[in-house]
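Containing compact mmCIF, C-alpha atoms and all ligand atoms: final38.txt.
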# COMPACT_ATOMS: atom_id res chain seq x y z
CA MET A 1 32.21 -9.51 -5.90
CA SER A 2 32.24 -9.64 -9.69
CA ARG A 3 30.16 -7.16 -11.62
CA LEU A 4 27.84 -9.92 -12.76
CA ARG A 5 27.32 -11.27 -9.29
CA ALA A 6 26.68 -7.76 -8.03
CA CYS A 7 24.03 -7.30 -10.73
CA VAL A 8 22.36 -10.57 -9.88
CA PHE A 9 22.45 -9.68 -6.24
CA LEU A 10 20.89 -6.30 -6.91
CA VAL A 11 18.10 -7.81 -8.96
CA LEU A 12 17.45 -10.38 -6.26
CA LEU A 13 17.46 -7.68 -3.68
CA ALA A 14 15.04 -5.55 -5.69
CA CYS A 15 12.72 -8.54 -6.05
CA GLY A 16 13.02 -9.26 -2.37
CA VAL A 17 12.17 -5.69 -1.45
CA ALA A 18 9.24 -5.68 -3.85
CA SER A 19 7.65 -8.89 -2.67
CA ALA A 20 8.73 -9.45 0.89
CA SER A 21 6.70 -8.12 3.73
CA ASP A 22 8.46 -5.97 6.26
CA ASP A 23 8.74 -8.75 8.78
CA GLN A 24 10.53 -11.38 6.73
CA GLN A 25 13.48 -12.02 8.95
CA SER A 26 15.31 -14.42 6.66
CA ASP A 27 15.24 -11.99 3.74
CA VAL A 28 16.53 -9.19 5.90
CA ALA A 29 19.31 -11.39 7.28
CA ARG A 30 20.34 -12.52 3.79
CA MET A 31 20.31 -8.99 2.46
CA SER A 32 22.39 -7.56 5.24
CA GLN A 33 24.89 -10.40 4.88
CA ASP A 34 25.22 -9.73 1.16
CA LEU A 35 25.46 -6.02 1.74
CA GLN A 36 28.29 -6.48 4.21
CA SER A 37 30.41 -8.13 1.54
CA LEU A 38 30.45 -4.87 -0.47
CA PRO A 39 32.89 -1.96 0.06
CA PRO A 40 31.59 0.51 2.67
CA ALA A 41 30.94 3.33 0.19
CA GLU A 42 28.92 0.97 -1.97
CA GLN A 43 26.98 -0.15 1.07
CA ARG A 44 26.09 3.44 1.88
CA ASN A 45 24.93 4.10 -1.68
CA LEU A 46 22.76 1.03 -1.66
CA ALA A 47 21.39 1.75 1.77
CA ASN A 48 20.38 5.26 0.65
CA GLY A 49 18.76 3.80 -2.42
CA PHE A 50 16.77 1.30 -0.41
CA VAL A 51 15.62 3.90 2.03
CA GLU A 52 14.23 5.82 -0.94
CA ILE A 53 12.60 2.72 -2.34
CA LEU A 54 10.97 1.90 0.97
CA ARG A 55 9.71 5.47 1.30
CA GLY A 56 8.32 5.28 -2.21
CA ARG A 57 6.78 1.90 -1.53
CA LYS A 58 4.98 3.30 1.46
CA ILE A 59 3.56 6.14 -0.64
CA PHE A 60 2.70 3.75 -3.47
CA ARG A 61 0.84 1.43 -1.12
CA PHE A 62 -0.73 3.76 1.38
CA ASP A 63 -0.76 7.45 0.36
CA THR A 64 -4.13 8.59 -0.96
CA PHE A 65 -2.83 12.10 -1.73
CA GLY A 66 -6.05 13.26 -0.14
CA ASP A 67 -8.14 11.69 -2.89
CA GLN A 68 -10.78 10.65 -0.34
CA ALA A 69 -12.23 14.07 -1.25
CA PHE A 70 -13.13 12.50 -4.60
CA TRP A 71 -13.76 8.77 -3.99
CA GLY A 72 -15.46 9.28 -0.65
CA ASP A 73 -16.73 12.83 -0.22
CA THR A 74 -17.75 13.30 -3.87
CA LEU A 75 -18.60 9.82 -5.19
CA LYS A 76 -19.74 8.66 -1.72
CA LEU A 77 -18.45 5.18 -2.46
CA HIS A 78 -17.98 4.57 1.26
CA GLN A 79 -21.78 4.84 1.69
CA ALA A 80 -22.32 2.18 -0.95
CA ILE A 81 -19.76 -0.04 0.80
CA GLU A 82 -21.20 0.25 4.31
CA GLY A 83 -24.83 -0.04 3.20
CA ALA A 84 -27.95 1.21 4.95
CA ASP A 85 -27.40 -1.02 8.00
CA HIS A 86 -24.17 0.79 8.79
CA GLY A 87 -25.26 4.35 8.03
CA GLY A 88 -24.74 4.24 4.27
CA ILE A 89 -26.97 3.56 1.30
CA GLY A 90 -28.37 0.36 -0.23
CA PRO A 91 -27.44 -3.23 0.56
CA GLY A 92 -23.71 -2.54 1.11
CA VAL A 93 -20.75 -4.38 -0.35
CA GLY A 94 -19.69 -7.69 1.19
CA PRO A 95 -16.17 -9.07 0.79
CA GLY A 96 -17.48 -11.48 -1.86
CA THR A 97 -18.61 -8.61 -4.08
CA ALA A 98 -15.41 -6.70 -3.37
CA LEU A 99 -13.36 -9.70 -4.55
CA ALA A 100 -15.68 -10.16 -7.52
CA VAL A 101 -14.96 -6.63 -8.79
CA GLY A 102 -11.26 -7.48 -8.53
CA LEU A 103 -10.26 -5.93 -5.23
CA LYS A 104 -7.45 -7.81 -3.49
CA VAL A 105 -6.83 -8.61 0.15
CA ASP A 106 -3.37 -8.38 1.71
CA VAL A 107 -3.03 -11.56 3.77
CA ASP A 108 -0.17 -10.08 5.78
CA ALA A 109 -2.58 -7.52 7.21
CA LEU A 110 -4.92 -10.20 8.58
CA PRO A 111 -4.60 -11.35 12.19
CA GLN A 112 -4.18 -15.09 12.68
CA PRO A 113 -7.67 -15.75 14.14
CA LEU A 114 -9.29 -14.09 11.12
CA LYS A 115 -7.16 -16.16 8.76
CA GLN A 116 -8.32 -19.28 10.53
CA LYS A 117 -11.97 -18.24 10.32
CA LEU A 118 -11.55 -17.42 6.63
CA ALA A 119 -9.86 -20.72 5.92
CA ALA A 120 -12.66 -22.54 7.71
CA GLY A 121 -15.26 -20.67 5.67
CA ARG A 122 -16.66 -19.05 8.81
CA VAL A 123 -16.54 -15.45 7.51
CA ASP A 124 -19.78 -14.29 5.87
CA LEU A 125 -18.63 -12.94 2.53
CA ASN A 126 -22.00 -11.26 1.94
CA ASP A 127 -21.88 -9.15 5.08
CA PRO A 128 -20.70 -5.55 4.55
CA ALA A 129 -19.59 -5.52 8.20
CA ASN A 130 -16.79 -7.87 7.18
CA THR A 131 -15.70 -5.51 4.40
CA LEU A 132 -15.62 -2.73 6.98
CA ALA A 133 -13.49 -4.95 9.23
CA LEU A 134 -11.05 -5.55 6.37
CA LEU A 135 -10.83 -1.82 5.74
CA GLN A 136 -10.16 -1.21 9.41
CA LEU A 137 -7.29 -3.67 9.19
CA ASN A 138 -6.02 -1.77 6.14
CA ALA A 139 -6.15 -5.09 4.32
CA VAL A 140 -7.83 -4.07 1.07
CA VAL A 141 -5.02 -3.41 -1.40
CA GLY A 142 -5.08 0.17 -2.64
CA VAL A 143 -8.12 1.23 -0.64
CA THR A 144 -8.08 3.19 2.59
CA GLY A 145 -11.17 3.59 4.72
CA PHE A 146 -11.46 6.60 6.99
CA PHE A 147 -13.30 5.93 10.24
CA ASP A 148 -14.58 8.29 12.90
CA GLN A 149 -14.27 7.69 16.62
CA GLN A 150 -17.43 5.60 16.65
CA GLN A 151 -15.75 3.38 14.05
CA ARG A 152 -18.13 4.57 11.36
CA LEU A 153 -16.77 4.69 7.83
CA ILE A 154 -16.89 8.35 6.85
CA SER A 155 -14.83 8.40 3.65
CA MET A 156 -12.51 6.35 1.50
CA GLY A 157 -9.54 6.97 -0.73
CA ILE A 158 -7.45 4.96 -3.13
CA GLN A 159 -3.77 4.72 -3.88
CA CYS A 160 -1.46 3.66 -6.72
CA ALA A 161 -1.55 0.08 -5.46
CA LEU A 162 -5.25 -0.22 -6.29
CA CYS A 163 -4.49 -0.58 -10.00
CA HIS A 164 -0.76 -1.20 -10.06
CA SER A 165 -0.60 -4.01 -7.48
CA THR A 166 -2.14 -7.38 -7.10
CA VAL A 167 -1.61 -10.35 -4.76
CA ASP A 168 -0.12 -13.79 -5.28
CA ASN A 169 -3.39 -15.62 -4.34
CA SER A 170 -1.36 -17.70 -1.89
CA PHE A 171 -4.15 -17.79 0.69
CA ALA A 172 -7.18 -17.93 -1.59
CA PRO A 173 -8.16 -16.40 -4.93
CA GLY A 174 -7.80 -12.64 -4.46
CA ILE A 175 -6.18 -13.04 -1.04
CA GLY A 176 -2.40 -13.24 -0.71
CA ARG A 177 0.82 -11.34 -0.42
CA ARG A 178 1.18 -8.03 -2.20
CA LEU A 179 2.85 -7.90 -5.58
CA ASP A 180 3.72 -4.22 -6.05
CA GLY A 181 3.80 -3.06 -9.62
CA TRP A 182 1.83 -5.97 -11.08
CA PRO A 183 -1.21 -4.65 -12.90
CA ASN A 184 -4.48 -5.73 -11.39
CA ARG A 185 -6.15 -7.06 -14.52
CA ASP A 186 -9.12 -8.35 -12.51
CA LEU A 187 -9.93 -4.92 -11.19
CA ASN A 188 -13.12 -3.53 -12.68
CA VAL A 189 -12.62 0.15 -11.93
CA GLY A 190 -15.73 1.11 -13.90
CA ALA A 191 -17.90 -1.36 -11.97
CA ILE A 192 -16.48 -0.01 -8.72
CA ILE A 193 -17.22 3.61 -9.62
CA ASN A 194 -20.64 2.45 -10.78
CA LEU A 195 -21.37 1.42 -7.16
CA SER A 196 -21.40 5.13 -6.36
CA PRO A 197 -24.81 6.50 -5.43
CA ASP A 198 -23.83 9.96 -6.68
CA LEU A 199 -22.16 10.36 -10.06
CA SER A 200 -22.93 14.07 -10.33
CA ALA A 201 -19.18 14.79 -10.57
CA PHE A 202 -19.26 12.94 -13.89
CA THR A 203 -22.70 14.02 -15.12
CA ASN A 204 -21.93 17.68 -14.46
CA ALA A 205 -18.47 17.57 -15.99
CA LEU A 206 -19.55 15.64 -19.05
CA GLN A 207 -23.01 17.17 -19.38
CA VAL A 208 -24.66 13.79 -19.82
CA ASP A 209 -27.20 11.93 -17.70
CA ASP A 210 -26.54 9.37 -14.98
CA ALA A 211 -27.49 6.38 -17.15
CA THR A 212 -25.04 7.42 -19.86
CA VAL A 213 -22.20 7.75 -17.35
CA ARG A 214 -23.03 4.33 -15.92
CA SER A 215 -23.08 2.69 -19.33
CA VAL A 216 -19.67 4.20 -20.11
CA LEU A 217 -18.27 2.99 -16.77
CA LEU A 218 -19.56 -0.51 -17.39
CA SER A 219 -18.07 -0.50 -20.89
CA TRP A 220 -14.51 -0.39 -19.48
CA GLY A 221 -14.38 -3.98 -18.25
CA PRO A 222 -11.79 -5.60 -15.96
CA GLY A 223 -8.21 -4.33 -15.99
CA LYS A 224 -9.04 -1.07 -17.68
CA PHE A 225 -9.43 2.54 -16.67
CA ASP A 226 -9.99 5.77 -18.55
CA ALA A 227 -7.88 8.29 -16.66
CA ALA A 228 -8.73 11.02 -19.15
CA LEU A 229 -12.51 10.74 -19.25
CA LEU A 230 -13.03 13.73 -16.98
CA LEU A 231 -10.33 15.67 -18.81
CA ASP A 232 -11.34 15.27 -22.43
CA GLY A 233 -14.90 13.99 -22.04
CA LYS A 234 -14.24 11.33 -24.66
CA ALA A 235 -15.55 7.92 -23.64
CA PHE A 236 -14.90 6.29 -26.98
CA ARG A 237 -12.13 6.31 -29.53
CA PRO A 238 -12.70 7.54 -33.09
CA ASP A 239 -13.19 3.92 -34.14
CA GLY A 240 -16.02 3.57 -31.64
CA LYS A 241 -14.16 1.35 -29.17
CA SER A 242 -13.84 2.17 -25.47
CA ALA A 243 -11.26 4.84 -24.68
CA ALA A 244 -10.30 3.00 -21.49
CA THR A 245 -6.71 1.77 -21.43
CA LEU A 246 -5.27 -1.43 -20.03
CA ILE A 247 -3.61 -0.98 -16.66
CA PRO A 248 0.08 -1.45 -17.44
CA ALA A 249 2.64 -3.32 -15.38
CA ALA A 250 4.65 -0.86 -13.38
CA PHE A 251 7.39 -3.27 -12.29
CA GLY A 252 9.05 -3.12 -15.71
CA LEU A 253 9.95 0.41 -14.77
CA ALA A 254 11.50 -1.00 -11.57
CA VAL A 255 10.33 0.01 -8.16
CA ALA A 256 12.40 3.18 -8.02
CA PRO A 257 10.86 5.09 -10.95
CA ILE A 258 7.41 4.34 -9.60
CA ALA A 259 8.51 5.54 -6.23
CA ARG A 260 9.91 8.64 -7.89
CA ALA A 261 6.70 9.18 -9.84
CA ALA A 262 4.74 8.91 -6.64
CA ARG A 263 7.06 11.29 -4.83
CA THR A 264 7.06 13.81 -7.65
CA LEU A 265 3.30 13.67 -7.53
CA ASP A 266 3.46 14.11 -3.80
CA ASP A 267 5.57 17.26 -4.24
CA GLU A 268 3.40 18.57 -7.01
CA ALA A 269 0.24 17.84 -5.15
CA ARG A 270 1.37 20.29 -2.54
CA GLY A 271 2.34 22.85 -5.15
CA SER A 272 1.10 23.40 -8.61
CA HIS A 273 -1.53 20.84 -9.47
CA GLN A 274 -4.22 23.46 -9.11
CA SER A 275 -2.76 25.56 -11.89
CA ARG A 276 -2.25 22.51 -14.08
CA VAL A 277 -5.85 21.56 -14.02
CA ALA A 278 -7.35 25.03 -13.86
CA GLY A 279 -9.80 25.57 -16.62
CA VAL A 280 -10.64 21.95 -17.14
CA ARG A 281 -14.35 22.52 -17.13
CA GLY A 282 -14.07 23.99 -13.67
CA VAL A 283 -15.19 20.77 -12.05
CA LEU A 284 -11.77 19.63 -11.00
CA SER A 285 -11.27 22.38 -8.50
CA ARG A 286 -13.91 20.65 -6.43
CA THR A 287 -12.50 17.22 -6.98
CA VAL A 288 -8.92 18.24 -6.42
CA SER A 289 -7.86 14.84 -5.29
CA GLY A 290 -9.20 13.06 -8.33
CA SER A 291 -7.24 15.47 -10.46
CA GLN A 292 -4.07 14.60 -8.60
CA LEU A 293 -4.36 11.09 -9.89
CA ARG A 294 -4.91 12.40 -13.36
CA VAL A 295 -1.90 14.69 -13.10
CA VAL A 296 0.40 11.70 -12.81
CA HIS A 297 -1.23 10.05 -15.77
CA GLU A 298 -1.04 13.16 -17.87
CA ARG A 299 2.63 13.31 -17.08
CA HIS A 300 3.13 9.73 -18.14
CA ARG A 301 1.09 10.23 -21.25
CA ARG A 302 3.49 12.90 -22.29
CA ARG A 303 6.65 11.05 -21.40
CA VAL A 304 5.90 7.41 -21.88
CA PRO A 305 4.60 6.09 -25.20
CA ARG A 306 1.18 4.57 -24.75
CA ALA A 307 1.35 0.84 -24.27
CA PRO A 308 0.13 -0.91 -27.41
CA SER A 309 -3.10 -2.47 -26.36
CA HIS A 310 -6.44 -4.01 -26.97
C1 LIG B 401 -7.58 3.69 -11.16
C2 LIG B 401 -6.44 2.95 -11.64
C3 LIG B 401 -5.06 3.57 -11.50
C4 LIG B 401 -4.51 4.15 -10.38
C5 LIG B 401 -5.13 4.32 -9.01
C6 LIG B 401 -3.18 4.55 -10.75
N1 LIG B 401 -2.94 4.22 -12.06
FE1 LIG B 401 -1.19 4.46 -13.06
N2 LIG B 401 -2.05 3.79 -14.77
C7 LIG B 401 -3.35 3.34 -14.89
C8 LIG B 401 -3.65 3.13 -16.28
C9 LIG B 401 -4.97 2.67 -16.86
C10 LIG B 401 -2.47 3.47 -17.00
C11 LIG B 401 -2.28 3.49 -18.51
C12 LIG B 401 -2.62 4.92 -18.93
C13 LIG B 401 -2.65 5.15 -20.39
O1 LIG B 401 -1.97 4.45 -21.15
O2 LIG B 401 -3.38 6.07 -20.77
C14 LIG B 401 -1.48 3.85 -16.01
C15 LIG B 401 -0.17 4.21 -16.30
C16 LIG B 401 0.81 4.44 -15.36
C17 LIG B 401 2.22 4.54 -15.62
C18 LIG B 401 2.88 4.40 -16.95
C19 LIG B 401 3.34 2.97 -17.11
C20 LIG B 401 3.80 2.65 -18.50
O3 LIG B 401 4.55 1.69 -18.64
O4 LIG B 401 3.37 3.32 -19.45
C21 LIG B 401 2.85 4.80 -14.43
C22 LIG B 401 4.34 4.98 -14.17
C23 LIG B 401 1.81 4.88 -13.43
N3 LIG B 401 0.58 4.65 -14.01
C24 LIG B 401 2.04 5.16 -12.10
C25 LIG B 401 1.02 5.38 -11.17
C26 LIG B 401 1.23 5.93 -9.85
C27 LIG B 401 2.58 6.37 -9.29
C28 LIG B 401 0.02 5.97 -9.25
C29 LIG B 401 -0.33 6.52 -7.87
C30 LIG B 401 -0.04 7.89 -7.69
C31 LIG B 401 -0.95 5.42 -10.18
N4 LIG B 401 -0.30 5.10 -11.33
C32 LIG B 401 -2.30 5.21 -9.90
C33 LIG B 401 -4.24 3.14 -13.84
C34 LIG B 401 -4.07 3.62 -12.55
Take the structure in the file and write it out as C-alpha cells.
Ligand code: HEC
Amino acid sequence: MSRLRACVFLVLLACGVASASDDQQSDVARMSQDLQSLPPAEQRNLANGFVEILRGRKIFRFDTFGDQAFWGDTLKLHQAIEGADHGGIGPGVGPGTALAVGLKVDVDALPQPLKQKLAAGRVDLNDPANTLALLQLNAVVGVTGFFDQQQRLISMGIQCALCHSTVDNSFAPGIGRRLDGWPNRDLNVGAIINLSPDLSAFTNALQVDDATVRSVLLSWGPGKFDAALLLDGKAFRPDGKSAATLIPAAFGLAVAPIARAARTLDDEARGSHQSRVAGVRGVLSRTVSGSQLRVVHERHRRRVPRAPSH
C-alpha cells in the first residue's frame, strides 16, 4: 500500500472509529480487511493504537471521574431533574426541557420500541419520568444518572462528552448518533447549573449571593462555559464581557490526544489533584470532583493557546 493510500486509510479508519457505534458490522469488516493488507508488524502497531483509542473513547464518553460528588451531591442537580413527584425538588425536568438546554440523546442507546414511540410522538416530553428513563438507558450524552436499588435517582455526574460531543440529529433534532469531539454549541451549561436548587458551592466560594451567581450563569449562553470561575472568581473580563469561553472542537486534536488527556486526568485524579488545587479558597476540597474537571482545563490553558473567540 502506498504511503498516501495508507494515510487515507488511516484517516478513514479514525473517522470510522470516531463515528461508528460498536455494533457496525460493515465498518468492522471493512477495517479488518484493510488491516490485513498491511505487514504484520504494522498491523500490531495499529491494533495497539486502536485499543488505546477505544479505551480513551470509553473514558471520554462514560467516565465521570467521580464528579457526581459535585454535580449531584453538591449541586443536587439530580433532584431538580427528578422533581418532587419522584423524590426531588420542583417540577422536574422533562426530555423537552433537557433538549432545549442543549442536551443530546444517543439514539443507539434507545431500544427499538422506544424509538417507535418517540417517532410516533407518543412519548410525553414534559414528563420527568421519561428523562429518568433516558438516564437509566445511559442515553443522555455526557450525563450519567446514579440510581439506587429502588430505581431512584440519587446522584448524577458528567463526562467530557457533555461539552465535547454532540449528535448528528439523524433521528430528530438533538437525537442521533454520537459525534465525539464535536463541540456542543447548543449546550447551555450555565442554564443547566442554574437548575440546581443549591448553589452554595458557588456562593460560598465566590462570596456573593445566590441571585448574583444565577445571573452570571445565565450570562454564559449556549456553547460556553467558564471553567475557571470557581478558581479565579472572575465572571467577567476586564472589558466587561462574560469570561465564559466557547467550547472548542476536540476532534481537531484527533481522538488520541483527547483520549490521552482523559487518561492523564484519570491517572492524576487518583494521585495529585488534591495538592494541585489545595489552597484554592478551600472550597475545592469538598468538591473534589468538580476540581478534577478544572484540572484538565488548567492543564490545557497552560499548554494550548486559547482559541480566539467571541
Ligand atoms: C462543562 C463543559 C466541559 C466539559 C465537561 C469538558 N470540557 Fe474541555 N473544554 C471546555 C471549554 C469551555 C474549553 C475551552 C477552555 C478555555 O479556552 O478556557 C475546553 C477545552 C478543552 C481542550 C482544549 C481544546 C483546544 O483546542 O484548545 C481539551 C483538549 C479539552 N477541553 C478536553 C476535555 C476533556 C478530556 C474533558 C473530560 C475530562 C473535558 N474537556 C470536559 C468545556 C468542557
Let me know the centre plus edge lengths, in Å and rounded to one decimal, of a box with edges along x, y and z that contains all listed atoms of ligand LIG 401 (chain B) and is padded by 3 Å on every side, as AutoDock Vina command-line options.
--center_x -1.5 --center_y 4.8 --center_z -14.4 --size_x 18.1 --size_y 12.2 --size_z 19.5
Taking only C-alpha atoms into account, which of A:Arg61, A:Lys104, A:Arg55, A:His86 comes nearest A:Asn169?
->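 So, comparing all the options, the nearest one is A:Lys104.
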Find the distance between atom CA of A:Asp210 and atom CA of A:Ser196 and write it in Å to one decimal.
->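 The value is 10.9 Å.
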Would you mind telling me which residue in A:Ser215, A:Thr97, A:Ser165, A:Ser155 lies nearest to ligand LIG 401 (chain B) when using all atoms listed in the file?
->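 Checking each of A:Ser215, A:Thr97, A:Ser165, A:Ser155 against ligand LIG 401 (chain B), counting all atoms listed in the file, the winner is A:Ser165.
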Figure out the distance between atom CA of A:Ala47 and atom CA of A:Ser32, please, to one decimal in Å.
->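 Taking atom CA of A:Ser32 and atom CA of A:Ala47, their separation equals 10.0 Å.
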Top pick for closest residue to A:Gly90, considering A:Leu195, A:Leu75, A:Ala205, A:Ile158 and counting all atoms listed in the file =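 The closest residue to A:Gly90 is A:Leu195.
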Pairwise distance for atom CA of A:Leu230 and atom C18 of ligand LIG 401 (chain B), rounded to one decimal in Å |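 Value for the atom CA of A:Leu230-atom C18 of ligand LIG 401 (chain B) distance: 18.4 Å.
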Pick out the closest residue to A:Cys160 from this set: A:Ala172, A:Ala120, A:Leu206, A:Ala250. Count only C-alpha atoms.
->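 Selected residue with least distance to A:Cys160: A:Ala250.
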Top pick for closest residue to ligand LIG 401 (chain B), considering A:Val28, A:Leu118, A:Ala227, A:Val101 and counting all atoms listed in the file =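 Closest candidate: A:Ala227.
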Find, counting all atoms listed in the file, the residue in A:Gln207, A:Gln150, A:Gln159, A:Asn126 that gets nearest to ligand LIG 401 (chain B).
->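 For ligand LIG 401 (chain B), the nearest of the given residues is A:Gln159.
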Can you pull out every residue within 10 Å of A:Gln151, counting only C-alpha atoms, but drop anything in the same chain fewer than 4 positions away, and send it as a ChimeraX atom specification?
-> /A:132-133,136,146-147
Pick out the residues sitting within 12 Å of A:Val141, and hand them over as a PyMOL selection string; count all atoms listed in the file, and ignore anything fewer than 5 positions along from it in its own chain.
-> chain A and resi 60-63+98-99+102-109+134-135+157-167+174-180+184+187
At a cut-off of 10 Å, using only C-alpha atoms, what residues contact A:Asp127? Leave out same-chain residues fewer than 5 positions from it and give the result as an mmCIF file with C-alpha atoms, in the frame of the given file.
data_model
loop_
_atom_site.group_PDB
_atom_site.id
_atom_site.type_symbol
_atom_site.label_atom_id
_atom_site.label_comp_id
_atom_site.auth_asym_id
_atom_site.auth_seq_id
_atom_site.Cartn_x
_atom_site.Cartn_y
_atom_site.Cartn_z
ATOM 1 C CA GLU A 82 -21.200 0.250 4.310
ATOM 2 C CA GLY A 83 -24.830 -0.040 3.200
ATOM 3 C CA PRO A 91 -27.440 -3.230 0.560
ATOM 4 C CA GLY A 92 -23.710 -2.540 1.110
ATOM 5 C CA VAL A 93 -20.750 -4.380 -0.350
ATOM 6 C CA GLY A 94 -19.690 -7.690 1.190
ATOM 7 C CA PRO A 95 -16.170 -9.070 0.790
ATOM 8 C CA GLY A 96 -17.480 -11.480 -1.860
ATOM 9 C CA THR A 97 -18.610 -8.610 -4.080
ATOM 10 C CA LEU A 132 -15.620 -2.730 6.980
#
Assuming the input is short of atoms at stretch 151-167 of chain A, produce N, CA and C atoms for that part as a CSV table (one decimal), in the frame of the given file.
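Written output follows (part_6.csv):
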chain,number,residue,atom,x,y,z
A,151,GLN,N,-16.1,4.5,15.0
A,151,GLN,CA,-15.8,3.4,14.0
A,151,GLN,C,-16.7,3.3,12.9
A,152,ARG,N,-17.3,4.5,12.5
A,152,ARG,CA,-18.1,4.6,11.4
A,152,ARG,C,-17.3,5.0,10.2
A,153,LEU,N,-17.5,4.3,9.0
A,153,LEU,CA,-16.8,4.7,7.8
A,153,LEU,C,-17.3,6.0,7.3
A,154,ILE,N,-16.4,7.0,7.3
A,154,ILE,CA,-16.9,8.4,6.8
A,154,ILE,C,-16.3,8.8,5.5
A,155,SER,N,-15.3,8.1,5.0
A,155,SER,CA,-14.8,8.4,3.6
A,155,SER,C,-13.9,7.3,3.2
A,156,MET,N,-13.5,7.3,2.0
A,156,MET,CA,-12.5,6.4,1.5
A,156,MET,C,-11.7,6.9,0.4
A,157,GLY,N,-10.4,6.5,0.3
A,157,GLY,CA,-9.5,7.0,-0.7
A,157,GLY,C,-8.8,5.8,-1.4
A,158,ILE,N,-8.2,6.0,-2.5
A,158,ILE,CA,-7.4,5.0,-3.1
A,158,ILE,C,-6.0,5.4,-3.3
A,159,GLN,N,-5.2,4.4,-3.6
A,159,GLN,CA,-3.8,4.7,-3.9
A,159,GLN,C,-3.3,3.9,-5.1
A,160,CYS,N,-2.0,4.3,-5.5
A,160,CYS,CA,-1.5,3.7,-6.7
A,160,CYS,C,-1.7,2.1,-6.7
A,161,ALA,N,-1.5,1.5,-5.6
A,161,ALA,CA,-1.6,0.1,-5.5
A,161,ALA,C,-2.9,-0.5,-5.9
A,162,LEU,N,-3.9,0.3,-5.9
A,162,LEU,CA,-5.2,-0.2,-6.3
A,162,LEU,C,-5.2,-0.8,-7.7
A,163,CYS,N,-4.6,-0.1,-8.6
A,163,CYS,CA,-4.5,-0.6,-10.0
A,163,CYS,C,-3.2,-1.2,-10.3
A,164,HIS,N,-2.1,-0.7,-9.7
A,164,HIS,CA,-0.8,-1.2,-10.1
A,164,HIS,C,-0.2,-2.2,-9.1
A,165,SER,N,-1.0,-2.9,-8.3
A,165,SER,CA,-0.6,-4.0,-7.5
A,165,SER,C,-1.6,-5.1,-7.6
A,166,THR,N,-1.2,-6.3,-7.3
A,166,THR,CA,-2.1,-7.4,-7.1
A,166,THR,C,-1.6,-8.2,-6.0
A,167,VAL,N,-2.1,-9.4,-5.8
A,167,VAL,CA,-1.6,-10.4,-4.8
A,167,VAL,C,-1.3,-11.7,-5.4
